[in-house]
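Asks: You'll find protein_32.txt just under this line, and it carries compact mmCIF, C-alpha atoms and all ligand atoms.
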```txt
# COMPACT_ATOMS: atom_id res chain seq x y z
CA MET D 1 112.51 95.83 71.15
CA THR D 2 109.76 97.59 69.19
CA ARG D 3 107.88 100.18 71.19
CA GLN D 4 104.15 99.77 71.68
CA LYS D 5 102.12 102.22 69.65
CA VAL D 6 99.55 104.53 71.25
CA ALA D 7 97.14 106.57 69.10
CA VAL D 8 95.74 109.76 70.64
CA LEU D 9 92.55 111.11 69.07
CA GLY D 10 92.13 114.73 70.17
CA THR D 11 95.00 117.09 70.95
CA GLY D 12 93.23 119.93 72.77
CA THR D 13 94.09 121.31 76.24
CA ILE D 14 94.39 117.84 77.79
CA GLY D 15 95.07 115.67 74.72
CA ALA D 16 98.20 117.56 73.64
CA PRO D 17 100.09 117.16 76.94
CA VAL D 18 98.86 113.56 77.19
CA ALA D 19 100.46 112.85 73.79
CA ARG D 20 103.66 114.67 74.81
CA ASN D 21 103.94 112.62 78.02
CA LEU D 22 103.44 109.33 76.16
CA ARG D 23 106.27 110.24 73.79
CA GLY D 24 109.53 108.50 74.56
CA LYS D 25 107.75 105.61 76.25
CA PHE D 26 105.59 104.69 73.25
CA ALA D 27 105.47 105.35 69.53
CA VAL D 28 102.72 108.00 69.40
CA SER D 29 100.36 108.82 66.55
CA VAL D 30 97.89 111.70 66.81
CA TRP D 31 94.85 113.05 65.03
CA ASN D 32 92.90 116.23 65.73
CA ARG D 33 89.87 117.68 63.95
CA THR D 34 91.73 120.97 63.54
CA PRO D 35 94.94 119.63 61.95
CA ALA D 36 97.20 122.52 63.06
CA LYS D 37 97.09 121.35 66.70
CA ALA D 38 98.24 117.83 65.75
CA ALA D 39 100.86 119.24 63.38
CA GLU D 40 102.47 121.15 66.29
CA LEU D 41 103.00 117.85 68.11
CA ALA D 42 104.36 116.14 65.01
CA ALA D 43 107.28 118.57 65.13
CA LEU D 44 108.45 116.53 68.17
CA ASP D 45 110.49 113.36 67.82
CA GLY D 46 108.44 110.21 68.21
CA VAL D 47 105.05 111.72 67.28
CA GLU D 48 103.34 111.19 63.93
CA ALA D 49 100.31 113.26 62.93
CA HIS D 50 97.59 111.80 60.71
CA ALA D 51 94.98 113.52 58.58
CA ASP D 52 92.24 111.09 59.64
CA PRO D 53 91.44 108.94 62.69
CA ALA D 54 91.74 105.66 60.73
CA GLY D 55 95.33 106.46 59.79
CA ALA D 56 96.20 107.36 63.38
CA VAL D 57 94.82 104.14 64.91
CA ALA D 58 96.24 101.75 62.29
CA GLY D 59 98.57 99.32 64.08
CA ALA D 60 97.98 100.92 67.50
CA ASP D 61 98.18 98.71 70.59
CA VAL D 62 96.19 101.26 72.59
CA VAL D 63 93.80 103.95 71.33
CA VAL D 64 93.24 106.99 73.59
CA THR D 65 90.32 109.38 73.03
CA VAL D 66 90.46 112.90 74.57
CA LEU D 67 87.63 114.75 72.85
CA LYS D 68 84.97 117.16 73.96
CA ASP D 69 81.97 114.91 74.56
CA GLY D 70 80.24 111.61 73.79
CA PRO D 71 79.05 112.50 70.27
CA ALA D 72 82.55 113.76 69.31
CA VAL D 73 84.13 110.52 70.60
CA ARG D 74 81.59 108.35 68.80
CA GLU D 75 82.07 110.26 65.54
CA ALA D 76 85.87 110.05 65.73
CA MET D 77 85.78 106.32 66.54
CA GLU D 78 83.38 105.66 63.65
CA ALA D 79 85.84 107.43 61.36
CA ALA D 80 88.65 105.38 62.95
CA ALA D 81 86.83 102.05 62.43
CA PRO D 82 88.55 101.05 59.15
CA GLY D 83 91.94 101.26 60.92
CA LEU D 84 90.97 99.47 64.16
CA THR D 85 92.12 95.96 65.02
CA ARG D 86 89.96 93.66 67.13
CA GLY D 87 91.40 93.17 70.62
CA THR D 88 92.92 96.66 70.80
CA ALA D 89 92.62 98.43 74.16
CA TRP D 90 90.61 101.68 74.06
CA VAL D 91 91.31 104.18 76.83
CA GLN D 92 88.45 106.70 76.89
CA LEU D 93 89.72 109.77 78.81
CA SER D 94 87.07 112.32 77.75
CA THR D 95 84.34 113.30 80.21
CA VAL D 96 81.22 111.96 78.50
CA GLY D 97 78.95 111.00 81.41
CA ALA D 98 77.21 107.75 82.16
CA ALA D 99 74.72 107.42 79.27
CA ALA D 100 77.27 108.13 76.53
CA THR D 101 79.67 105.63 78.11
CA ASP D 102 77.03 102.92 77.57
CA ASP D 103 76.79 103.94 73.92
CA LEU D 104 80.60 103.83 73.55
CA ALA D 105 80.66 100.41 75.25
CA ASP D 106 78.26 99.14 72.56
CA PHE D 107 80.60 100.52 69.90
CA ALA D 108 83.56 98.80 71.60
CA GLU D 109 81.74 95.48 71.75
CA HIS D 110 80.72 95.70 68.10
CA HIS D 111 84.33 96.36 67.02
CA GLY D 112 85.93 93.90 69.47
CA LEU D 113 87.75 96.64 71.41
CA VAL D 114 88.53 96.37 75.12
CA LEU D 115 87.11 99.57 76.60
CA TYR D 116 88.67 101.27 79.61
CA ASP D 117 86.42 104.06 80.83
CA ALA D 118 89.12 106.39 82.20
CA PRO D 119 88.16 110.03 82.78
CA VAL D 120 90.82 112.14 84.47
CA GLN D 121 90.90 114.48 87.43
CA GLY D 122 93.20 117.47 87.05
CA THR D 123 93.49 120.26 84.59
CA LYS D 124 95.98 121.74 82.08
CA GLN D 125 99.01 122.06 84.36
CA PRO D 126 98.70 118.62 86.00
CA ALA D 127 98.28 117.19 82.49
CA GLU D 128 101.48 118.93 81.38
CA ASN D 129 103.31 117.61 84.45
CA GLY D 130 102.05 114.04 84.00
CA GLN D 131 100.19 114.46 87.30
CA LEU D 132 96.61 113.64 86.34
CA VAL D 133 94.61 111.27 88.52
CA VAL D 134 93.15 108.57 86.29
CA LEU D 135 89.77 107.18 87.35
CA ALA D 136 89.57 103.82 85.64
CA SER D 137 87.00 101.13 85.13
CA GLY D 138 87.30 98.15 82.85
CA PRO D 139 88.16 94.46 82.81
CA GLY D 140 90.73 93.20 85.31
CA ALA D 141 92.39 90.92 82.77
CA GLY D 142 94.63 92.95 80.47
CA ARG D 143 95.07 95.95 82.75
CA ASP D 144 98.83 95.55 82.36
CA ARG D 145 98.38 96.79 78.76
CA VAL D 146 96.91 100.14 79.83
CA GLU D 147 98.62 100.77 83.17
CA PRO D 148 101.88 101.97 81.50
CA VAL D 149 99.75 104.54 79.62
CA PHE D 150 98.13 105.69 82.87
CA ASP D 151 101.54 105.86 84.57
CA ALA D 152 102.90 108.07 81.78
CA ILE D 153 100.11 110.64 82.06
CA GLY D 154 99.16 110.52 85.73
CA SER D 155 100.51 110.44 89.24
CA ARG D 156 97.86 107.98 90.40
CA THR D 157 95.30 105.57 89.01
CA VAL D 158 92.16 104.81 91.00
CA TRP D 159 90.58 101.56 89.78
CA VAL D 160 86.89 102.10 90.46
CA SER D 161 85.33 98.91 89.15
CA GLU D 162 85.50 96.26 86.45
CA GLU D 163 82.20 97.61 85.17
CA HIS D 164 82.56 100.30 82.50
CA GLY D 165 80.79 103.55 83.40
CA ALA D 166 81.65 103.47 87.11
CA ALA D 167 84.67 105.75 86.58
CA SER D 168 82.55 108.18 84.56
CA ARG D 169 79.98 108.27 87.34
CA LEU D 170 82.69 109.02 89.92
CA LYS D 171 83.98 111.80 87.65
CA LEU D 172 80.51 113.42 87.68
CA ALA D 173 80.48 113.43 91.48
CA LEU D 174 83.94 115.02 91.56
CA ASN D 175 82.97 117.64 88.98
CA SER D 176 80.03 118.77 91.09
CA PHE D 177 82.56 119.63 93.85
CA VAL D 178 84.93 121.37 91.40
CA PHE D 179 82.10 123.57 90.10
CA ALA D 180 80.91 124.43 93.62
CA LEU D 181 84.46 125.57 94.49
CA THR D 182 84.74 127.63 91.30
CA HIS D 183 81.40 129.41 91.66
CA GLY D 184 81.95 129.83 95.40
CA ALA D 185 85.21 131.68 94.77
CA ALA D 186 83.63 133.72 91.95
CA GLU D 187 80.66 134.80 94.07
CA SER D 188 82.75 135.63 97.11
CA LEU D 189 85.17 137.86 95.16
CA ALA D 190 82.38 139.52 93.16
CA LEU D 191 80.37 140.14 96.33
CA ALA D 192 83.34 141.73 98.11
CA ASP D 193 83.80 144.01 95.11
CA GLY D 194 80.08 144.81 94.94
CA LEU D 195 80.00 145.63 98.65
CA GLY D 196 82.87 148.04 98.19
CA VAL D 197 85.75 146.12 99.75
CA ASP D 198 88.90 144.94 98.01
CA PRO D 199 88.26 141.35 96.71
CA ALA D 200 91.97 140.56 97.18
CA LEU D 201 91.24 140.69 100.93
CA VAL D 202 89.12 137.53 100.53
CA VAL D 203 92.25 135.70 99.37
CA ASP D 204 94.32 137.37 102.07
CA VAL D 205 91.96 136.16 104.83
CA ILE D 206 91.73 132.61 103.44
CA ALA D 207 95.48 132.25 102.80
CA GLY D 208 97.08 129.61 105.03
CA GLY D 209 93.79 128.70 106.76
CA PRO D 210 91.59 125.61 106.49
CA LEU D 211 89.71 126.98 103.44
CA ASP D 212 92.88 127.52 101.43
CA SER D 213 93.81 125.30 98.47
CA PRO D 214 95.95 125.51 95.33
CA PHE D 215 92.73 125.32 93.31
CA PHE D 216 91.17 128.30 95.14
CA ARG D 217 94.40 130.29 94.73
CA ALA D 218 94.62 129.57 90.97
CA LYS D 219 90.98 130.43 90.27
CA ALA D 220 90.99 133.52 92.54
CA ALA D 221 94.20 134.78 90.87
CA ALA D 222 92.58 134.38 87.43
CA MET D 223 89.48 136.23 88.63
CA LEU D 224 91.49 139.07 90.19
CA THR D 225 93.85 139.56 87.24
CA GLY D 226 91.46 138.73 84.40
CA GLY D 227 93.84 135.97 83.21
CA HIS D 228 91.45 133.72 81.35
CA THR D 229 93.68 131.37 79.33
CA PRO D 230 91.61 128.18 79.50
CA SER D 231 92.70 125.31 81.68
CA PHE D 232 89.09 124.17 81.47
CA SER D 233 86.80 126.26 79.31
CA VAL D 234 83.42 127.67 80.32
CA ALA D 235 81.90 125.76 77.34
CA ASN D 236 83.30 122.42 78.55
CA ALA D 237 82.38 123.18 82.17
CA ALA D 238 78.78 123.87 81.09
CA LYS D 239 78.79 120.59 79.15
CA ASP D 240 79.99 118.72 82.26
CA ALA D 241 77.61 120.52 84.64
CA ARG D 242 74.78 119.46 82.32
CA LEU D 243 76.00 115.83 82.55
CA VAL D 244 75.99 116.09 86.37
CA VAL D 245 72.44 117.49 86.43
CA GLU D 246 71.14 114.83 84.02
CA ALA D 247 72.78 111.94 85.91
CA ALA D 248 71.58 113.30 89.25
CA ARG D 249 68.04 113.58 87.92
CA SER D 250 68.13 109.91 86.83
CA ALA D 251 69.48 108.92 90.24
CA GLY D 252 66.92 111.04 92.11
CA VAL D 253 69.61 113.10 93.86
CA PRO D 254 69.01 116.85 94.26
CA VAL D 255 71.97 118.88 92.95
CA ASP D 256 70.66 122.44 93.42
CA VAL D 257 74.15 123.94 93.57
CA THR D 258 75.36 122.35 90.30
CA ALA D 259 72.07 123.27 88.60
CA ALA D 260 72.45 126.93 89.63
CA GLY D 261 76.12 126.80 88.60
CA LEU D 262 75.15 125.44 85.19
CA ARG D 263 72.92 128.48 84.65
CA ARG D 264 75.84 130.69 85.70
CA PHE D 265 78.17 129.01 83.14
CA GLU D 266 75.45 129.37 80.48
CA ARG D 267 75.09 133.09 81.22
CA ALA D 268 78.88 133.53 81.06
CA ALA D 269 78.97 131.66 77.72
CA ASP D 270 76.06 133.70 76.31
CA ALA D 271 77.91 136.88 77.31
CA GLY D 272 80.85 135.84 75.10
CA HIS D 273 83.09 134.03 77.62
CA ALA D 274 82.60 130.42 76.38
CA ASP D 275 86.25 129.93 75.41
CA LYS D 276 87.69 131.47 78.59
CA ASP D 277 88.71 129.47 81.63
CA MET D 278 85.78 128.51 83.88
CA ALA D 279 87.12 131.10 86.34
CA ALA D 280 85.13 133.44 84.06
CA SER D 281 82.15 132.33 86.15
CA HIS D 282 82.79 135.65 87.89
CA LEU D 283 81.92 137.45 84.61
CA ALA D 284 78.44 135.87 84.38
CA PRO D 285 75.97 138.73 84.10
CA ASP D 286 73.16 139.21 86.58
CA ALA D 287 70.38 136.65 86.09
CA GLY D 288 67.87 139.43 86.70
CA VAL D 289 66.34 137.72 89.74
N1 LIG D 301 90.63 120.83 80.68
C1 LIG D 301 90.40 120.20 81.83
O1 LIG D 301 90.69 120.71 82.92
C2 LIG D 301 89.80 118.81 81.83
C3 LIG D 301 89.97 118.03 82.98
C4 LIG D 301 89.43 116.75 83.00
C5 LIG D 301 88.72 116.28 81.93
N2 LIG D 301 88.55 117.07 80.82
C6 LIG D 301 87.78 116.51 79.71
O2 LIG D 301 88.69 116.13 78.68
C7 LIG D 301 88.06 116.32 77.40
C8 LIG D 301 88.93 117.27 76.58
O3 LIG D 301 88.96 118.52 77.30
P1 LIG D 301 89.93 119.70 76.86
O4 LIG D 301 90.00 120.64 78.02
O5 LIG D 301 91.18 119.15 76.27
O6 LIG D 301 89.03 120.37 75.74
P2 LIG D 301 89.44 121.29 74.51
O7 LIG D 301 90.75 121.95 74.73
O8 LIG D 301 88.23 122.12 74.25
O9 LIG D 301 89.63 120.22 73.33
C9 LIG D 301 88.50 119.52 72.85
C10 LIG D 301 88.96 118.52 71.82
O10 LIG D 301 87.81 117.90 71.26
C11 LIG D 301 87.81 118.12 69.85
N3 LIG D 301 86.44 118.18 69.38
C12 LIG D 301 85.42 118.94 69.85
N4 LIG D 301 84.30 118.67 69.17
C13 LIG D 301 84.62 117.74 68.22
C14 LIG D 301 83.90 117.06 67.21
N5 LIG D 301 82.59 117.27 67.02
N6 LIG D 301 84.56 116.17 66.44
C15 LIG D 301 85.89 115.93 66.62
N7 LIG D 301 86.63 116.56 67.56
C16 LIG D 301 86.00 117.43 68.36
C17 LIG D 301 88.58 119.41 69.65
O11 LIG D 301 89.02 119.51 68.32
P3 LIG D 301 89.38 120.96 67.71
O12 LIG D 301 90.77 121.25 68.15
O13 LIG D 301 89.23 120.77 66.26
O14 LIG D 301 88.38 121.95 68.29
C18 LIG D 301 89.71 119.16 70.66
O15 LIG D 301 90.63 118.22 70.19
C19 LIG D 301 86.66 116.85 77.69
O16 LIG D 301 85.77 115.77 77.73
C20 LIG D 301 86.81 117.48 79.07
O17 LIG D 301 85.57 117.56 79.75
C21 LIG D 301 89.09 118.32 80.75
```
Take the structure from the file and write it as structure tokens.
Ligand SMILES: NC(=O)c1ccc[n+]([C@@H]2O[C@H](COP(=O)([O-])OP(=O)(O)OC[C@H]3O[C@@H](n4cnc5c(N)ncnc54)[C@H](OP(=O)(O)O)[C@@H]3O)[C@@H](O)[C@H]2O)c1

Replies:
Amino acid sequence: MTRQKVAVLGTGTIGAPVARNLRGKFAVSVWNRTPAKAAELAALDGVEAHADPAGAVAGADVVVTVLKDGPAVREAMEAAAPGLTRGTAWVQLSTVGAAATDDLADFAEHHGLVLYDAPVQGTKQPAENGQLVVLASGPGAGRDRVEPVFDAIGSRTVWVSEEHGAASRLKLALNSFVFALTHGAAESLALADGLGVDPALVVDVIAGGPLDSPFFRAKAAAMLTGGHTPSFSVANAAKDARLVVEAARSAGVPVDVTAAGLRRFERAADAGHADKDMAASHLAPDAGV
């Protein structure tokens, strides 16, 4: 039996492991703006790299986008348009927020694509382990076409709604919690240091208690050791915090903590830490207040 073909547009921190985990279950074609990253994957059996999005999506049963933001997704899909077939399922994994999802839904309608708004929870390591949590919204009919894709990349799929955009809105709510945890850890460790006590003692006290979590441990370890290989970059975290603040403003919900955290990410980025993991929140310089 011929394998179904899945095209992955974007092979960054999350897109590359997504493509690797689809391999073996599907024929996989990839495209990335910086071709070297896609070429690395094409060295693996069952993955074909393409120089342009249209080549990658040609003949695909499912198209997956894992790009930075809404404009990047729109641009890549416009470039893919000559290769798209009406009726193809489009799994949109990137975090683009609510407004951009509406724009992408218009694009999908115009090109006859069946859009699944499917942002993911989890970072680099869960993506590598096929342990992402997929937040999905999209039509009930035809879900059997995309569920095998979700099963290959994630440990769980949460169907949020049939209405596109609902999954992206849930993702914003989750990100506000992720950022609060990150900045909370950063401030606590930096404050311990500033007050002249060993910041490692913060971790020591929390270890094994109700405040402990694998996320806290990973971010605190990065902050204590200066290990800043990005699982989720400061630049992307700032982009997502901005999406949270904008959506909250439209909904009339105060998000003081995310707004302050956004300024912290922006200060870290301005100080040269944009490409480091968001744990580099602890390197944000003093706001001067
Ligand atoms: N990392 C995480 O923990 C995590 C978790 C959940 C969701 N997400 C979301 O998943 C998406 C991808 O995140 P990531 O961590 O994989 O980011 P990343 O490593 O920074 O990769 C970003 C990808 O987008 C591409 N890109 C950026 N701007 C582009 C443009 N204008 N045109 C075409 N391609 C463009 C990059 O291409 P180049 O290689 O050429 O730069 C790369 O393929 C984002 O929406 C992010 O918010 C990330």

Asks: Give me the box for region 46-60 of chain D as AutoDock Vina command-line options, namely the centre and edge lengths in Å to one decimal of a box along x, y and z that holds every listed atom plus 8 Å on each side.

Replies:
```
--center_x 99.9 --center_y 106.4 --center_z 63.4 --size_x 33.0 --size_y 30.2 --size_z 25.6
```

Asks: Using all atoms listed in the file, what table do you get, as a Markdown table, when you list each residue of chain D with an atom no more than 9 Å from ligand LIG 301 (chain D), its nearest pair of atoms, and their distance in Å rounded to one decimal, rows by chain then rising number?

Replies:
```
| residue | atom | partner | partner_atom | distance |
| --- | --- | --- | --- | --- |
| D:Leu9 | CA | D:LIG301 | O15 | 7.4 |
| D:Gly10 | CA | D:LIG301 | O15 | 3.8 |
| D:Thr11 | CA | D:LIG301 | O15 | 4.6 |
| D:Gly12 | CA | D:LIG301 | O9 | 3.7 |
| D:Thr13 | CA | D:LIG301 | O5 | 3.6 |
| D:Ile14 | CA | D:LIG301 | O5 | 3.8 |
| D:Gly15 | CA | D:LIG301 | O5 | 5.4 |
| D:Ala16 | CA | D:LIG301 | O5 | 7.7 |
| D:Trp31 | CA | D:LIG301 | O15 | 8.4 |
| D:Asn32 | CA | D:LIG301 | O15 | 5.4 |
| D:Arg33 | CA | D:LIG301 | O13 | 3.9 |
| D:Thr34 | CA | D:LIG301 | O13 | 3.7 |
| D:Pro35 | CA | D:LIG301 | O13 | 7.2 |
| D:Ala36 | CA | D:LIG301 | O12 | 8.3 |
| D:Lys37 | CA | D:LIG301 | O12 | 6.5 |
| D:Ala38 | CA | D:LIG301 | O12 | 8.6 |
| D:Thr65 | CA | D:LIG301 | C7 | 8.5 |
| D:Val66 | CA | D:LIG301 | C7 | 5.0 |
| D:Leu67 | CA | D:LIG301 | O10 | 3.5 |
| D:Lys68 | CA | D:LIG301 | O10 | 4.0 |
| D:Asp69 | CA | D:LIG301 | O16 | 5.0 |
| D:Gly70 | CA | D:LIG301 | O16 | 8.0 |
| D:Pro71 | CA | D:LIG301 | N5 | 6.8 |
| D:Ala72 | CA | D:LIG301 | C14 | 4.1 |
| D:Val73 | CA | D:LIG301 | C15 | 6.9 |
| D:Arg74 | CA | D:LIG301 | N6 | 8.7 |
| D:Glu75 | CA | D:LIG301 | N6 | 6.5 |
| D:Ala76 | CA | D:LIG301 | C15 | 5.9 |
| D:Leu93 | CA | D:LIG301 | O2 | 6.4 |
| D:Ser94 | CA | D:LIG301 | O16 | 3.7 |
| D:Thr95 | CA | D:LIG301 | O16 | 3.8 |
| D:Val96 | CA | D:LIG301 | O16 | 6.0 |
| D:Pro119 | CA | D:LIG301 | C5 | 6.3 |
| D:Val120 | CA | D:LIG301 | C4 | 5.0 |
| D:Gln121 | CA | D:LIG301 | C4 | 5.2 |
| D:Gly122 | CA | D:LIG301 | C3 | 5.2 |
| D:Thr123 | CA | D:LIG301 | O1 | 3.3 |
| D:Lys124 | CA | D:LIG301 | O1 | 5.5 |
| D:Gln125 | CA | D:LIG301 | O1 | 8.6 |
| D:Pro126 | CA | D:LIG301 | O1 | 8.8 |
| D:Ala127 | CA | D:LIG301 | C3 | 8.4 |
| D:Leu132 | CA | D:LIG301 | C4 | 8.5 |
| D:Lys171 | CA | D:LIG301 | C5 | 8.7 |
| D:Asn175 | CA | D:LIG301 | C4 | 8.8 |
| D:Pro230 | CA | D:LIG301 | N1 | 7.5 |
| D:Ser231 | CA | D:LIG301 | N1 | 5.0 |
| D:Phe232 | CA | D:LIG301 | N1 | 3.8 |
| D:Ser233 | CA | D:LIG301 | O4 | 6.6 |
| D:Ala235 | CA | D:LIG301 | O8 | 7.9 |
| D:Asn236 | CA | D:LIG301 | O17 | 5.5 |
| D:Ala237 | CA | D:LIG301 | O17 | 6.9 |
| D:Lys239 | CA | D:LIG301 | O17 | 7.5 |
| D:Asp240 | CA | D:LIG301 | O17 | 6.2 |
| D:Asp275 | CA | D:LIG301 | O8 | 8.1 |
| D:Asp277 | CA | D:LIG301 | N1 | 8.9 |
```

Asks: Which residue gives the smallest distance to Met223 (chain D) among D:Ala200, D:Ala79, D:Ala136, D:Ala54, with all atoms listed in the file counted?

Replies: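 Checking each of D:Ala200, D:Ala79, D:Ala136, D:Ala54 against Met223 (chain D), counting all atoms listed in the file, the winner is D:Ala200.
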
Asks: I'd like the neighbourhood of region 179-182 of chain D as a list in words, where a residue qualifies if any of its atoms comes within 10 Å (using all atoms listed in the file), though same-chain residues fewer than 5 positions away should be ignored.

Replies: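 The residues satisfying every condition are Leu174, Glu187, Phe215, Phe216, Lys219, Ala220, Ala237, Ala238, Asp240, Ala241, Val257, Thr258, Ala260, Gly261, Leu262, Phe265, Met278, Ala279, Ala280, Ser281 and His282 of chain D.
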
Asks: Just give me the gap between CA of Ala185 (chain D) and CA of Leu243 (chain D) in Å, one decimal is fine.

Replies: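 Interatomic distance here is 22.0 Å.
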
Asks: Please rebuild region 34-52 of chain D with N, CA, C and O atoms and return the result as a JSON list (two decimals), in the coordinates of the input.

Replies:
```json
[["chain", "number", "residue", "atom", "x", "y", "z"],
["D", 34, "THR", "N", 91.03, 119.81, 64.09],
["D", 34, "THR", "CA", 91.73, 120.97, 63.54],
["D", 34, "THR", "C", 93.19, 120.56, 63.38],
["D", 34, "THR", "O", 93.91, 120.43, 64.38],
["D", 35, "PRO", "N", 93.64, 120.30, 62.14],
["D", 35, "PRO", "CA", 94.94, 119.63, 61.95],
["D", 35, "PRO", "C", 96.12, 120.41, 62.52],
["D", 35, "PRO", "O", 97.12, 119.80, 62.93],
["D", 36, "ALA", "N", 96.04, 121.74, 62.61],
["D", 36, "ALA", "CA", 97.20, 122.52, 63.06],
["D", 36, "ALA", "C", 97.67, 122.09, 64.45],
["D", 36, "ALA", "O", 98.87, 122.05, 64.73],
["D", 37, "LYS", "N", 96.71, 121.72, 65.32],
["D", 37, "LYS", "CA", 97.09, 121.35, 66.70],
["D", 37, "LYS", "C", 97.87, 120.04, 66.71],
["D", 37, "LYS", "O", 98.80, 119.87, 67.50],
["D", 38, "ALA", "N", 97.50, 119.10, 65.83],
["D", 38, "ALA", "CA", 98.24, 117.83, 65.75],
["D", 38, "ALA", "C", 99.59, 118.07, 65.08],
["D", 38, "ALA", "O", 100.60, 117.46, 65.47],
["D", 39, "ALA", "N", 99.61, 118.97, 64.11],
["D", 39, "ALA", "CA", 100.86, 119.24, 63.38],
["D", 39, "ALA", "C", 101.93, 119.79, 64.33],
["D", 39, "ALA", "O", 103.11, 119.45, 64.22],
["D", 40, "GLU", "N", 101.51, 120.61, 65.30],
["D", 40, "GLU", "CA", 102.47, 121.15, 66.29],
["D", 40, "GLU", "C", 103.18, 120.02, 67.02],
["D", 40, "GLU", "O", 104.37, 120.08, 67.28],
["D", 41, "LEU", "N", 102.42, 118.98, 67.37],
["D", 41, "LEU", "CA", 103.00, 117.85, 68.11],
["D", 41, "LEU", "C", 103.92, 117.03, 67.22],
["D", 41, "LEU", "O", 104.92, 116.48, 67.68],
["D", 42, "ALA", "N", 103.57, 116.96, 65.93],
["D", 42, "ALA", "CA", 104.36, 116.14, 65.01],
["D", 42, "ALA", "C", 105.74, 116.73, 64.78],
["D", 42, "ALA", "O", 106.63, 116.06, 64.25],
["D", 43, "ALA", "N", 105.93, 117.98, 65.22],
["D", 43, "ALA", "CA", 107.28, 118.57, 65.13],
["D", 43, "ALA", "C", 108.21, 117.92, 66.16],
["D", 43, "ALA", "O", 109.43, 118.07, 66.09],
["D", 44, "LEU", "N", 107.64, 117.19, 67.13],
["D", 44, "LEU", "CA", 108.45, 116.53, 68.17],
["D", 44, "LEU", "C", 108.85, 115.13, 67.71],
["D", 44, "LEU", "O", 108.08, 114.46, 67.03],
["D", 45, "ASP", "N", 110.04, 114.71, 68.13],
["D", 45, "ASP", "CA", 110.49, 113.36, 67.82],
["D", 45, "ASP", "C", 109.53, 112.34, 68.41],
["D", 45, "ASP", "O", 109.09, 112.50, 69.55],
["D", 46, "GLY", "N", 109.23, 111.31, 67.66],
["D", 46, "GLY", "CA", 108.44, 110.21, 68.21],
["D", 46, "GLY", "C", 106.95, 110.42, 68.14],
["D", 46, "GLY", "O", 106.18, 109.65, 68.70],
["D", 47, "VAL", "N", 106.51, 111.50, 67.45],
["D", 47, "VAL", "CA", 105.05, 111.72, 67.28],
["D", 47, "VAL", "C", 104.76, 111.87, 65.79],
["D", 47, "VAL", "O", 105.42, 112.64, 65.10],
["D", 48, "GLU", "N", 103.77, 111.11, 65.34],
["D", 48, "GLU", "CA", 103.34, 111.19, 63.93],
["D", 48, "GLU", "C", 101.93, 111.72, 63.88],
["D", 48, "GLU", "O", 101.06, 111.21, 64.60],
["D", 49, "ALA", "N", 101.68, 112.74, 63.06],
["D", 49, "ALA", "CA", 100.31, 113.26, 62.93],
["D", 49, "ALA", "C", 99.64, 112.63, 61.70],
["D", 49, "ALA", "O", 100.31, 112.39, 60.69],
["D", 50, "HIS", "N", 98.35, 112.39, 61.82],
["D", 50, "HIS", "CA", 97.59, 111.80, 60.71],
["D", 50, "HIS", "C", 96.42, 112.70, 60.35],
["D", 50, "HIS", "O", 95.85, 113.37, 61.22],
["D", 51, "ALA", "N", 96.05, 112.65, 59.08],
["D", 51, "ALA", "CA", 94.98, 113.52, 58.58],
["D", 51, "ALA", "C", 93.61, 112.96, 58.96],
["D", 51, "ALA", "O", 92.61, 113.69, 58.91],
["D", 52, "ASP", "N", 93.55, 111.66, 59.29],
["D", 52, "ASP", "CA", 92.24, 111.09, 59.64],
["D", 52, "ASP", "C", 92.42, 110.07, 60.77],
["D", 52, "ASP", "O", 93.51, 109.51, 60.96]]
```
